[in-house]
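Written out below as structure tokens is the structure these notes cover.
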Amino acid sequence: MPQEESHEFLDHDEYHARWEDNFWGKDGGLQPGQAFDAKRSSPALTDLLKQSGLEVAGKRVLVPGCGRGYDLVEFVRAGAAAAVGLELAPTAQREAAAYLADTLTPAELANAEVHTGDFFKWEHPTHAAWDVAYGARLPCSADYMDVLLPLGFTLVKEYAVPAELSHPGRGGKEAMLLFRKD
Ligand SMILES: C[S@@+](CC[C@H](N)C(=O)[O-])C[C@H]1O[C@@H](n2cnc3c(N)ncnc32)[C@H](O)[C@@H]1O
């Protein structure tokens, strides 16, 4: 990932362009299973939705840095009224839109959308508010606490993702942080 390649300081626009140039648009495009693309949503998210109490039925869910959109499928199938992905890389947005169209039924697809934009600047064209936001491996997550706590969020749960709920090769390296804003 860009910030892991080097500790040099990068221009903001250059940093963002790297996602398109170094990953999504490189060598014919990022294929499922390459680099960070695990070909599926995190098993930890599936567990959270099915067993551990994250309720999204009827809710509006934002997924910044959605990549190919695997998490959007999980949220739609868990009953979200809207699962909205946001991608900085234009190629990723197109790949996600194609993946959703291939994977979801027409009725499910009506509840999913994916946009191109920068999480720090973007606003949804019609809906400003979200019930749930989920970020998986969004690199700007360097310190969620620093960003979210001053905005009035409370950390309600934090745990190391059990190895059996991690993607292969990522066991012991993942954590789940749940924040709430009342
Ligand atoms: C490590 S990948 C993870 C993708 C996906 N969440 C997954 O788990 O497969 C991070 C993604 O976030 C996107 N991204 C990085 N910074 C972003 C930003 N500021 N706004 C929106 N998307 C961003 C990148 O283009 C990349 O596709």
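Chain identifiers are assigned as A, B, and so on, following the order in which chains appear in the structure tokens; residues are numbered from 1 within each chain, and ligands are numbered from 1 in order of appearance.
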
Worksheet item: Counting only C-alpha atoms and all ligand atoms, which protein, DNA or RNA residues come within 8 Å of ligand 1, given as a PyMOL selection string?
Response: chain A and resi 1+16+19-20+24+36-42+63-71+86-89+92+116-120+135-140

Worksheet item: What lies within 10 Å of region 102-107 of chain A using only C-alpha atoms, ignoring chain neighbours under 6 positions off, as JSON, numbers by chain?
Response: {"A": [70, 72, 73, 76, 77, 96]}

Worksheet entry | Which of chain A fall in helix (DSSP H, G or I), as a ChimeraX atom specification | /A:2-5,12-24,26-28,43-50,70-77,90-103,106-109,139-151,163-165

Any chance you could export the current selection's C-alpha atoms as a JSON list (two decimals), in the first residue's frame?
[["chain", "number", "residue", "atom", "x", "y", "z"],
["A", 2, "PRO", "CA", 1.27, 3.48, -0.65],
["A", 3, "GLN", "CA", 2.02, 4.43, 2.91],
["A", 4, "GLU", "CA", 3.78, 1.13, 3.49],
["A", 5, "GLU", "CA", 6.08, 1.49, 0.49],
["A", 12, "HIS", "CA", -1.82, 14.83, -1.01],
["A", 13, "ASP", "CA", -2.86, 14.55, -4.67],
["A", 14, "GLU", "CA", 0.13, 12.37, -5.48],
["A", 15, "TYR", "CA", -0.73, 10.04, -2.61],
["A", 16, "HIS", "CA", -4.28, 9.68, -3.87],
["A", 17, "ALA", "CA", -3.20, 9.12, -7.47],
["A", 18, "ARG", "CA", -1.06, 6.21, -6.31],
["A", 19, "TRP", "CA", -4.14, 4.11, -5.59],
["A", 20, "GLU", "CA", -5.15, 4.38, -9.22],
["A", 21, "ASP", "CA", -1.66, 4.22, -10.72],
["A", 22, "ASN", "CA", -0.04, 1.60, -8.47],
["A", 23, "PHE", "CA", -3.00, -0.68, -7.90],
["A", 24, "TRP", "CA", -6.34, -0.35, -9.66],
["A", 26, "LYS", "CA", -1.73, -0.93, -13.15],
["A", 27, "ASP", "CA", -0.83, -3.72, -15.60],
["A", 28, "GLY", "CA", -4.31, -4.23, -16.94],
["A", 43, "PRO", "CA", -15.26, -13.07, 7.64],
["A", 44, "ALA", "CA", -15.19, -10.80, 10.69],
["A", 45, "LEU", "CA", -17.81, -8.57, 9.07],
["A", 46, "THR", "CA", -19.97, -11.56, 8.20],
["A", 47, "ASP", "CA", -19.72, -12.67, 11.82],
["A", 48, "LEU", "CA", -20.57, -9.21, 13.08],
["A", 49, "LEU", "CA", -23.69, -9.10, 10.93],
["A", 50, "LYS", "CA", -24.85, -12.64, 11.65],
["A", 70, "TYR", "CA", -17.46, -7.10, -1.42],
["A", 71, "ASP", "CA", -18.71, -5.48, 1.80],
["A", 72, "LEU", "CA", -21.58, -3.79, -0.03],
["A", 73, "VAL", "CA", -22.95, -7.19, -0.95],
["A", 74, "GLU", "CA", -22.85, -8.24, 2.71],
["A", 75, "PHE", "CA", -24.71, -5.14, 3.84],
["A", 76, "VAL", "CA", -27.37, -5.40, 1.13],
["A", 77, "ARG", "CA", -27.97, -9.06, 1.98],
["A", 90, "PRO", "CA", -12.03, 5.61, -10.68],
["A", 91, "THR", "CA", -11.08, 2.12, -11.87],
["A", 92, "ALA", "CA", -12.11, 0.68, -8.50],
["A", 93, "GLN", "CA", -15.47, 2.42, -8.74],
["A", 94, "ARG", "CA", -16.07, 0.85, -12.15],
["A", 95, "GLU", "CA", -14.90, -2.57, -10.94],
["A", 96, "ALA", "CA", -17.20, -2.35, -7.92],
["A", 97, "ALA", "CA", -20.17, -1.33, -10.03],
["A", 98, "ALA", "CA", -19.53, -4.28, -12.36],
["A", 99, "TYR", "CA", -19.08, -6.68, -9.43],
["A", 100, "LEU", "CA", -22.34, -5.55, -7.83],
["A", 101, "ALA", "CA", -24.20, -5.91, -11.14],
["A", 102, "ASP", "CA", -22.80, -9.45, -11.56],
["A", 103, "THR", "CA", -23.41, -10.55, -7.97],
["A", 106, "PRO", "CA", -31.97, -6.78, -9.58],
["A", 107, "ALA", "CA", -33.94, -6.23, -6.36],
["A", 108, "GLU", "CA", -30.76, -6.24, -4.27],
["A", 109, "LEU", "CA", -28.98, -4.03, -6.75],
["A", 139, "PRO", "CA", -5.42, 3.51, 4.87],
["A", 140, "CYS", "CA", -6.42, 6.90, 6.20],
["A", 141, "SER", "CA", -7.49, 5.03, 9.33],
["A", 142, "ALA", "CA", -4.07, 5.68, 10.88],
["A", 143, "ASP", "CA", -5.83, 6.63, 14.07],
["A", 144, "TYR", "CA", -9.61, 6.43, 14.10],
["A", 145, "MET", "CA", -9.64, 7.61, 17.72],
["A", 146, "ASP", "CA", -7.99, 10.92, 16.87],
["A", 147, "VAL", "CA", -10.56, 11.58, 14.18],
["A", 148, "LEU", "CA", -13.76, 10.19, 15.66],
["A", 149, "LEU", "CA", -13.58, 10.97, 19.37],
["A", 150, "PRO", "CA", -13.40, 14.77, 18.87],
["A", 151, "LEU", "CA", -16.47, 14.43, 16.62],
["A", 163, "ALA", "CA", -7.53, -15.77, 13.34],
["A", 164, "GLU", "CA", -10.40, -17.95, 12.11],
["A", 165, "LEU", "CA", -12.32, -14.79, 11.19]]

Practice prompt. Run DSSP on the backbone and grab whatever in region 11-181 of chain A lands in strand (DSSP E); send it over as a ChimeraX atom specification.
Written response: /A:60-64,82-87,112-116,132-133,154-160,175-180

For the selection you just gave me, I'd like the residues written to a file as an mmCIF file, in the first residue's frame, keeping C-alpha atoms.
data_model
loop_
_atom_site.group_PDB
_atom_site.id
_atom_site.type_symbol
_atom_site.label_atom_id
_atom_site.label_comp_id
_atom_site.auth_asym_id
_atom_site.auth_seq_id
_atom_site.Cartn_x
_atom_site.Cartn_y
_atom_site.Cartn_z
ATOM 1 C CA ARG A 60 -28.182 3.528 5.295
ATOM 2 C CA VAL A 61 -24.627 2.198 5.285
ATOM 3 C CA LEU A 62 -21.557 3.994 3.932
ATOM 4 C CA VAL A 63 -18.444 2.014 2.971
ATOM 5 C CA PRO A 64 -15.548 4.390 2.252
ATOM 6 C CA ALA A 82 -28.882 1.527 1.066
ATOM 7 C CA ALA A 83 -25.308 0.260 0.903
ATOM 8 C CA VAL A 84 -23.210 3.023 -0.589
ATOM 9 C CA GLY A 85 -19.580 2.517 -1.557
ATOM 10 C CA LEU A 86 -17.082 5.302 -2.068
ATOM 11 C CA GLU A 87 -13.826 4.889 -3.969
ATOM 12 C CA ALA A 112 -26.532 -0.638 -3.694
ATOM 13 C CA GLU A 113 -24.525 2.131 -5.309
ATOM 14 C CA VAL A 114 -20.896 3.078 -5.628
ATOM 15 C CA HIS A 115 -19.430 6.542 -6.174
ATOM 16 C CA THR A 116 -16.036 8.011 -6.957
ATOM 17 C CA VAL A 132 -23.623 3.008 9.842
ATOM 18 C CA ALA A 133 -20.189 3.531 8.312
ATOM 19 C CA THR A 154 -17.683 6.816 21.593
ATOM 20 C CA LEU A 155 -15.631 3.657 21.277
ATOM 21 C CA VAL A 156 -18.042 0.925 22.356
ATOM 22 C CA LYS A 157 -16.066 -2.182 21.480
ATOM 23 C CA GLU A 158 -12.572 -3.065 20.367
ATOM 24 C CA TYR A 159 -11.208 -6.537 19.860
ATOM 25 C CA ALA A 160 -8.562 -8.461 18.029
ATOM 26 C CA ALA A 175 -8.669 -5.491 14.902
ATOM 27 C CA MET A 176 -12.313 -4.469 14.924
ATOM 28 C CA LEU A 177 -13.257 -1.109 16.428
ATOM 29 C CA LEU A 178 -16.906 -0.183 16.898
ATOM 30 C CA PHE A 179 -17.861 3.433 17.503
ATOM 31 C CA ARG A 180 -21.266 4.930 18.200
#

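Across the model, the gap from CA of Gly58 (chain A) to CA of Pro125 (chain A) is 19.8 Å.
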